[in-house]
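One file, target.csv, is given below (CSV, C-alpha atoms).
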chain,number,residue,atom,x,y,z
W,270,GLY,CA,-215.9,30.2,140.4
W,271,ALA,CA,-215.1,27.9,143.2
W,272,VAL,CA,-212.1,28.3,145.4
W,273,VAL,CA,-210.2,25.1,146.4
W,274,SER,CA,-207.3,24.9,148.8
W,275,GLN,CA,-204.9,22.0,149.6
W,276,HIS,CA,-202.7,21.4,152.5
W,277,PRO,CA,-199.9,20.9,152.7
W,278,SER,CA,-198.5,22.5,149.5
W,279,TRP,CA,-195.4,20.2,149.7
W,280,VAL,CA,-194.2,17.4,151.9
W,281,ILE,CA,-191.1,15.3,152.2
W,282,CYS,CA,-191.3,12.0,154.1
W,283,LYS,CA,-189.3,8.8,154.6
W,284,SER,CA,-190.3,5.7,152.8
W,285,GLY,CA,-192.8,3.7,154.8
W,286,THR,CA,-194.6,6.6,156.4
W,287,SER,CA,-198.1,7.7,155.7
W,288,VAL,CA,-199.0,11.2,154.4
W,289,LYS,CA,-202.4,12.9,154.6
W,290,ILE,CA,-203.3,15.6,152.1
W,291,GLU,CA,-206.4,17.8,152.6
W,292,CYS,CA,-208.6,19.3,149.9
W,293,ARG,CA,-211.0,22.0,150.9
W,294,SER,CA,-213.8,23.7,149.0
W,295,LEU,CA,-213.8,27.1,150.5
W,296,ASP,CA,-216.9,28.7,149.2
W,297,PHE,CA,-219.4,26.1,148.3
W,298,GLN,CA,-220.4,22.6,149.4
W,299,ALA,CA,-219.1,19.8,147.2
W,300,THR,CA,-220.6,16.4,147.4
W,301,THR,CA,-218.0,15.1,144.9
W,302,MET,CA,-214.3,15.9,144.7
W,303,PHE,CA,-211.7,14.4,142.4
W,304,TRP,CA,-208.2,13.4,143.0
W,305,TYR,CA,-205.6,13.6,140.3
W,306,ARG,CA,-201.9,12.7,140.1
W,307,GLN,CA,-199.3,14.2,137.9
W,308,PHE,CA,-195.9,12.7,137.4
W,309,PRO,CA,-193.0,15.0,136.2
W,310,LYS,CA,-193.6,16.1,132.6
W,311,GLN,CA,-196.7,14.1,132.3
W,312,SER,CA,-200.3,15.0,132.3
W,313,LEU,CA,-202.9,14.7,135.0
W,314,MET,CA,-204.4,11.3,135.6
W,315,LEU,CA,-207.6,10.8,137.6
W,316,MET,CA,-207.0,8.6,140.6
W,317,ALA,CA,-210.4,8.5,142.3
W,318,THR,CA,-213.7,10.2,142.9
W,319,SER,CA,-214.4,11.2,146.5
W,320,ASN,CA,-218.1,11.0,147.5
W,321,GLU,CA,-219.4,12.7,150.6
W,322,GLY,CA,-220.7,10.2,153.0
W,323,SER,CA,-219.9,7.2,151.0
W,324,LYS,CA,-217.0,5.2,149.7
W,325,ALA,CA,-214.7,6.6,147.1
W,326,THR,CA,-214.5,5.1,143.6
W,327,TYR,CA,-211.1,4.4,142.3
W,328,GLU,CA,-209.8,4.3,138.8
W,329,GLN,CA,-208.4,1.1,137.3
W,330,GLY,CA,-204.9,0.5,138.5
W,331,VAL,CA,-205.2,2.7,141.6
W,332,GLU,CA,-204.9,0.7,144.9
W,333,LYS,CA,-207.7,1.7,147.2
W,334,ASP,CA,-205.9,0.3,150.3
W,335,LYS,CA,-202.8,2.4,149.5
W,336,PHE,CA,-204.6,5.7,148.7
W,337,LEU,CA,-207.3,6.1,151.4
W,338,ILE,CA,-209.9,8.7,150.7
W,339,ASN,CA,-212.2,10.2,153.3
W,340,HIS,CA,-214.9,12.7,152.4
W,341,ALA,CA,-216.4,13.3,155.8
W,342,SER,CA,-217.9,16.7,155.1
W,343,LEU,CA,-219.2,18.7,152.2
W,344,THR,CA,-216.1,20.9,152.3
W,345,LEU,CA,-213.3,18.5,153.0
W,346,SER,CA,-211.8,15.5,151.3
W,347,THR,CA,-208.6,13.8,152.5
W,348,LEU,CA,-206.2,11.6,150.6
W,349,THR,CA,-203.9,9.5,152.7
W,350,VAL,CA,-200.9,7.8,151.0
W,351,THR,CA,-200.2,4.8,153.2
W,352,SER,CA,-196.7,3.3,153.5
W,353,ALA,CA,-195.4,5.7,150.9
W,354,HIS,CA,-192.6,4.7,148.6
W,355,PRO,CA,-190.4,6.7,146.3
W,356,GLU,CA,-192.5,5.7,143.3
W,357,ASP,CA,-195.4,7.5,145.0
W,358,SER,CA,-193.5,10.8,144.7
W,359,SER,CA,-195.8,13.0,142.5
W,360,PHE,CA,-197.9,16.1,142.4
W,361,TYR,CA,-201.4,15.4,143.8
W,362,ILE,CA,-204.2,17.8,142.8
W,363,CYS,CA,-207.8,17.8,143.8
W,364,SER,CA,-210.7,19.4,142.0
W,365,VAL,CA,-214.4,20.1,142.4
W,366,GLU,CA,-217.0,20.7,139.8
W,367,LEU,CA,-219.3,23.7,139.7
W,368,GLY,CA,-221.7,23.6,136.9
W,369,GLU,CA,-219.7,22.1,134.0
W,370,THR,CA,-216.4,23.7,135.0
W,371,GLN,CA,-213.8,22.0,137.1
W,372,TYR,CA,-211.9,24.0,139.7
W,373,PHE,CA,-208.6,22.7,140.9
W,374,GLY,CA,-206.6,23.1,144.0
W,375,PRO,CA,-203.0,24.4,144.0
W,376,GLY,CA,-201.7,20.9,144.4
W,377,THR,CA,-199.5,19.1,146.9
W,378,ARG,CA,-196.0,18.0,145.9
W,379,LEU,CA,-195.0,14.8,147.6
W,380,LEU,CA,-191.4,13.6,147.8
W,381,VAL,CA,-190.7,10.2,149.3
W,382,LEU,CA,-187.1,9.6,150.2
O,165,LYS,CA,-211.2,4.6,124.7
O,166,GLN,CA,-210.8,8.4,124.5
O,167,GLU,CA,-207.3,9.7,123.9
O,168,VAL,CA,-206.3,13.3,124.0
O,169,THR,CA,-203.1,14.6,122.2
O,170,GLN,CA,-201.5,18.0,122.2
O,171,ILE,CA,-199.0,19.4,119.8
O,172,PRO,CA,-196.5,20.9,120.0
O,173,ALA,CA,-195.2,19.6,123.3
O,174,ALA,CA,-193.2,22.8,123.7
O,175,LEU,CA,-193.2,26.2,122.0
O,176,SER,CA,-191.0,29.2,122.3
O,177,VAL,CA,-192.0,32.5,120.8
O,178,PRO,CA,-190.9,36.1,121.0
O,179,GLU,CA,-193.2,38.5,122.8
O,180,GLY,CA,-196.0,39.9,120.7
O,181,GLU,CA,-196.5,36.9,118.4
O,182,ASN,CA,-199.9,35.3,117.8
O,183,LEU,CA,-199.8,31.6,118.4
O,184,VAL,CA,-201.9,28.5,118.1
O,185,LEU,CA,-201.9,25.4,120.3
O,186,ASN,CA,-203.5,22.2,119.1
O,187,CYS,CA,-205.5,19.6,120.8
O,188,SER,CA,-207.0,16.4,119.2
O,189,PHE,CA,-209.2,13.7,120.6
O,190,THR,CA,-210.2,10.3,119.3
O,191,ASP,CA,-213.8,10.1,120.3
O,192,SER,CA,-215.9,12.9,118.9
O,193,ALA,CA,-218.8,12.2,121.3
O,194,ILE,CA,-217.8,14.7,123.9
O,195,TYR,CA,-219.9,16.9,126.2
O,196,ASN,CA,-217.5,19.8,126.1
O,197,LEU,CA,-213.8,20.6,126.0
O,198,GLN,CA,-211.8,22.7,128.5
O,199,TRP,CA,-208.5,24.5,128.2
O,200,PHE,CA,-206.5,25.0,131.3
O,201,ARG,CA,-203.3,26.8,132.3
O,202,GLN,CA,-200.8,25.4,134.7
O,203,ASP,CA,-197.9,27.4,136.1
O,204,PRO,CA,-194.9,25.4,137.3
O,205,GLY,CA,-195.6,23.5,140.5
O,206,LYS,CA,-199.1,24.9,140.7
O,207,GLY,CA,-202.6,23.8,140.2
O,208,LEU,CA,-204.7,24.4,137.1
O,209,THR,CA,-206.7,27.5,136.1
O,210,SER,CA,-209.6,27.0,133.8
O,211,LEU,CA,-209.3,29.3,130.8
O,212,LEU,CA,-212.2,28.4,128.5
O,213,LEU,CA,-214.9,25.8,128.3
O,214,ILE,CA,-216.5,25.0,124.9
O,215,GLN,CA,-219.8,23.2,124.9
O,216,SER,CA,-220.2,20.4,122.3
O,217,SER,CA,-222.8,22.6,120.5
O,218,GLN,CA,-220.4,25.6,120.2
O,219,ARG,CA,-217.7,26.3,117.7
O,220,GLU,CA,-215.7,28.8,119.7
O,221,GLN,CA,-215.3,30.7,122.9
O,222,THR,CA,-213.4,33.9,123.5
O,223,SER,CA,-211.9,35.4,126.7
O,224,GLY,CA,-209.7,38.5,126.3
O,225,ARG,CA,-206.7,37.5,124.1
O,226,LEU,CA,-207.7,33.9,124.1
O,227,ASN,CA,-209.9,32.2,121.5
O,228,ALA,CA,-210.7,28.5,121.6
O,229,SER,CA,-212.3,26.7,118.7
O,230,LEU,CA,-213.9,23.3,118.5
O,231,ASP,CA,-214.4,21.0,115.5
O,232,LYS,CA,-216.1,17.9,116.9
O,233,SER,CA,-216.3,16.1,113.6
O,234,SER,CA,-212.6,16.2,113.1
O,235,GLY,CA,-211.8,15.7,116.8
O,236,ARG,CA,-209.8,18.9,117.1
O,237,SER,CA,-209.6,22.1,119.2
O,238,THR,CA,-207.3,25.0,118.9
O,239,LEU,CA,-206.3,27.7,121.5
O,240,TYR,CA,-205.3,30.9,119.8
O,241,ILE,CA,-203.4,33.4,121.9
O,242,ALA,CA,-203.1,36.9,120.5
O,243,ALA,CA,-200.2,39.3,121.1
O,244,SER,CA,-198.4,36.9,123.5
O,245,GLN,CA,-196.8,38.3,126.6
O,246,PRO,CA,-194.1,36.8,128.9
O,247,GLY,CA,-196.8,36.3,131.5
O,248,ASP,CA,-198.5,33.8,129.2
O,249,SER,CA,-195.6,31.4,129.8
O,250,ALA,CA,-197.0,28.3,131.3
O,251,THR,CA,-198.2,24.8,130.3
O,252,TYR,CA,-201.5,24.7,128.5
O,253,LEU,CA,-203.7,21.6,128.9
O,254,CYS,CA,-206.8,20.6,127.1
O,255,ALA,CA,-209.3,18.1,128.6
O,256,VAL,CA,-212.5,16.3,127.7
O,257,PRO,CA,-214.9,14.5,129.9
O,258,ARG,CA,-214.7,10.7,129.9
O,259,GLY,CA,-217.6,9.0,128.2
O,260,ASP,CA,-219.2,7.7,131.3
O,261,SER,CA,-219.1,11.0,133.2
O,262,SER,CA,-219.1,14.7,132.3
O,263,TYR,CA,-217.0,15.4,135.4
O,264,LYS,CA,-214.1,12.9,135.0
O,265,LEU,CA,-211.6,14.5,132.7
O,266,ILE,CA,-209.1,13.1,130.4
O,267,PHE,CA,-206.2,15.4,129.9
O,268,GLY,CA,-203.7,15.9,127.1
O,269,SER,CA,-200.0,16.0,127.9
O,270,GLY,CA,-199.9,19.7,127.5
O,271,THR,CA,-198.0,22.3,125.6
O,272,ARG,CA,-195.2,24.1,127.5
O,273,LEU,CA,-195.2,27.7,126.2
O,274,LEU,CA,-192.3,30.1,126.7
O,275,VAL,CA,-192.8,33.7,125.6
O,276,ARG,CA,-189.5,35.5,125.4
O,277,PRO,CA,-189.3,39.2,126.2

Starting from the file, lay out its structure as structure tokens.
Amino acid sequence: GAVVSQHPSWVICKSGTSVKIECRSLDFQATTMFWYRQFPKQSLMLMATSNEGSKATYEQGVEKDKFLINHASLTLSTLTVTSAHPEDSSFYICSVELGETQYFGPGTRLLVL
Amino acid sequence: KQEVTQIPAALSVPEGENLVLNCSFTDSAIYNLQWFRQDPGKGLTSLLLIQSSQREQTSGRLNASLDKSSGRSTLYIAASQPGDSATYLCAVPRGDSSYKLIFGSGTRLLVRP
């Protein structure tokens, strides 16, 4: 299977700051990565699809100007939460697909104070 | 619109018991169905993937079944162990993409020693 890493694993920031989360595919090249968000005691919700070399596609209700996605290489996608607010506090998880199976990163927990 | 439901939301069993987790989906036109395990504060681990043409898949003590016509899947865990304690999520691909997953809300399992 694929190995996916995320960095950082957790981050605490003040309201109004921007936070960048990295998702790396360690053992194969991924033209597409997915970003999910999980609020406490809720399930994962797809936020956006990150496409290498082109613009990300966002799910309905997800602000593209707030959640900036950059997929500059076949092994790295970044999600930047701009001007973060307490309601953005969540668990952010990325995934890649290999064959028909999705492989998920370990997640990044964001707490905005 | 596809909706995925899991029952029960939480389950506590003594070690050694066999148990069944349930997943239902509203649109039977699915490519496949995946079961995942999520440990607290961690990412997801893929357990089993069942193709739409299959009725079941087995991996060790885990057995997943799929009944497309009734919109149901079950995950059977034999001889449960404390290490099985985690949240179990089922997911199906969204209709417009085999890679964008719709998750159930999960079943939190606690296996007591």

Would you mind listing, for every residue of chain W within 9 Å of chain O, the two atoms forming the shortest contact and the distance between them in Å to one decimal, using only C-alpha atoms, sorted by chain and ascending residue number, as CSV?
residue,atom,partner,partner_atom,distance
W:Phe303,CA,O:Lys264,CA,7.9
W:Lys310,CA,O:Ser269,CA,7.9
W:Gln311,CA,O:Ser269,CA,5.8
W:Ser312,CA,O:Ser269,CA,4.5
W:Leu313,CA,O:Phe267,CA,6.1
W:Met314,CA,O:Ile266,CA,7.2
W:Leu315,CA,O:Lys264,CA,7.3
W:Thr318,CA,O:Lys264,CA,8.4
W:Phe360,CA,O:Gly205,CA,8.0
W:Ile362,CA,O:Gly207,CA,6.7
W:Cys363,CA,O:Gly207,CA,8.7
W:Val365,CA,O:Tyr263,CA,8.8
W:Glu366,CA,O:Tyr263,CA,6.9
W:Glu369,CA,O:Tyr263,CA,7.4
W:Thr370,CA,O:Leu213,CA,7.2
W:Gln371,CA,O:Ser210,CA,7.3
W:Tyr372,CA,O:Ser210,CA,7.0
W:Phe373,CA,O:Leu208,CA,5.7
W:Gly374,CA,O:Gly207,CA,5.6
W:Pro375,CA,O:Gly207,CA,3.9
W:Gly376,CA,O:Gly207,CA,5.2
W:Thr377,CA,O:Lys206,CA,8.5
W:Arg378,CA,O:Gly205,CA,7.7

| Computed interatomic separation between atom CA of Ala173 of chain O and atom CA of Trp279 of chain W (Å) |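 Separating atom CA of Ala173 of chain O from atom CA of Trp279 of chain W is a distance of 26.4 Å.
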
| request: Figure out the distance between atom CA of Thr251 of chain O and atom CA of Asp231 of chain O, please, to one decimal in Å. | output: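 Separating atom CA of Asp231 of chain O from atom CA of Thr251 of chain O is a distance of 22.3 Å.
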
| field | Interatomic distance (Å, one decimal) between atom CA of Ser261 of chain O and atom CA of Pro172 of chain O | value | 28.0 Å

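Residues of protein, DNA or RNA having at least one counted atom within 7 Å of (-190.1, 40.8, 125.9), given all atoms listed in the file, are Pro178, Glu179, Pro246, Arg276 and Pro277 of chain O.
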
| task | Scan for residues within 10 Å of the point (-191.0, 33.6, 122.5) in the coordinates of the file, using all atoms listed in the file, and reply as a list of chain:residue names. | result |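 The distance filter leaves exactly O:Leu175, O:Ser176, O:Val177, O:Pro178, O:Glu179, O:Gly180, O:Glu181, O:Leu183, O:Ser244, O:Gln245, O:Pro246, O:Ser249, O:Leu273, O:Leu274, O:Val275, O:Arg276, O:Pro277.
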
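Among the candidate residues O:Gly259, O:Asn182, O:Ile214, O:Lys165, the one lying nearest to Ser229 of chain O is O:Ile214, with distances computed using all atoms listed in the file.
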
| message | Using only C-alpha atoms for the distances, tell me which of W:His354, W:His276, W:Lys335, W:Arg306 is nearest to Arg293 of chain W. | response |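 Using only C-alpha atoms, the shortest distance to Arg293 of chain W belongs to W:His276.
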
| request: Choose the residue, out of O:Tyr240, O:Pro204, O:Asn186, O:Val168, that has the smallest atom-to-atom separation from Thr271 of chain O; count only C-alpha atoms. | output: O:Asn186

| query | Between W:Leu348, W:Phe336, W:Tyr361, W:Gln329, which is the closest to Phe308 of chain W once you count only C-alpha atoms? | reply |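 Using only C-alpha atoms, the shortest distance to Phe308 of chain W belongs to W:Tyr361.
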
Leaving out Leu343 of chain W and any residue of its chain fewer than 2 positions from it, which residues lie within 7 Å of it when counting all atoms listed in the file, given as a short mmCIF file (atom, residue, chain, number, x, y, z; two decimals) with C-alpha atoms, in the frame of the given file?
data_model
loop_
_atom_site.label_atom_id
_atom_site.label_comp_id
_atom_site.auth_asym_id
_atom_site.auth_seq_id
_atom_site.Cartn_x
_atom_site.Cartn_y
_atom_site.Cartn_z
CA GLN W 298 -220.40 22.60 149.40
CA ALA W 299 -219.10 19.80 147.20
CA THR W 300 -220.60 16.40 147.40
CA GLU W 321 -219.40 12.70 150.60
CA LEU W 345 -213.30 18.50 153.00
#

| So which residues touch Lys324 of chain W within 10 Å, counting all atoms listed in the file, skipping near sequence neighbours fewer than 6 positions away, as a list of chain:residue names? |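 Neighbouring residues, sequence-local ones excluded: W:Thr318, W:Leu337, W:Ile338, W:Asn339, W:His340.
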
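Residues within 9 Å of Ala317 of chain W, counting only C-alpha atoms and excluding same-chain residues fewer than 6 positions away, are Met302, Phe303, Trp304, Tyr305, Ala325, Thr326, Tyr327, Glu328, Val331, Lys333 and Ile338 of chain W.
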
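When only C-alpha atoms are used to compute distances to Leu380 of chain W, the closest of the residues W:Val273, W:Ala353, W:Ile290, W:Ile281 turns out to be W:Ile281.
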
| query | Could you name the residues that touch Lys289 of chain W at 8 Å or less, counting only C-alpha atoms, but leaving out those on the same chain fewer than 2 positions away, as a ChimeraX atom specification? | reply | /W:287,291,347-350

| task | Determine the nearest neighbour of Cys254 of chain O from the options O:Leu226, O:Cys187, O:Ile241, O:Ile194, counting only C-alpha atoms. | result | O:Cys187
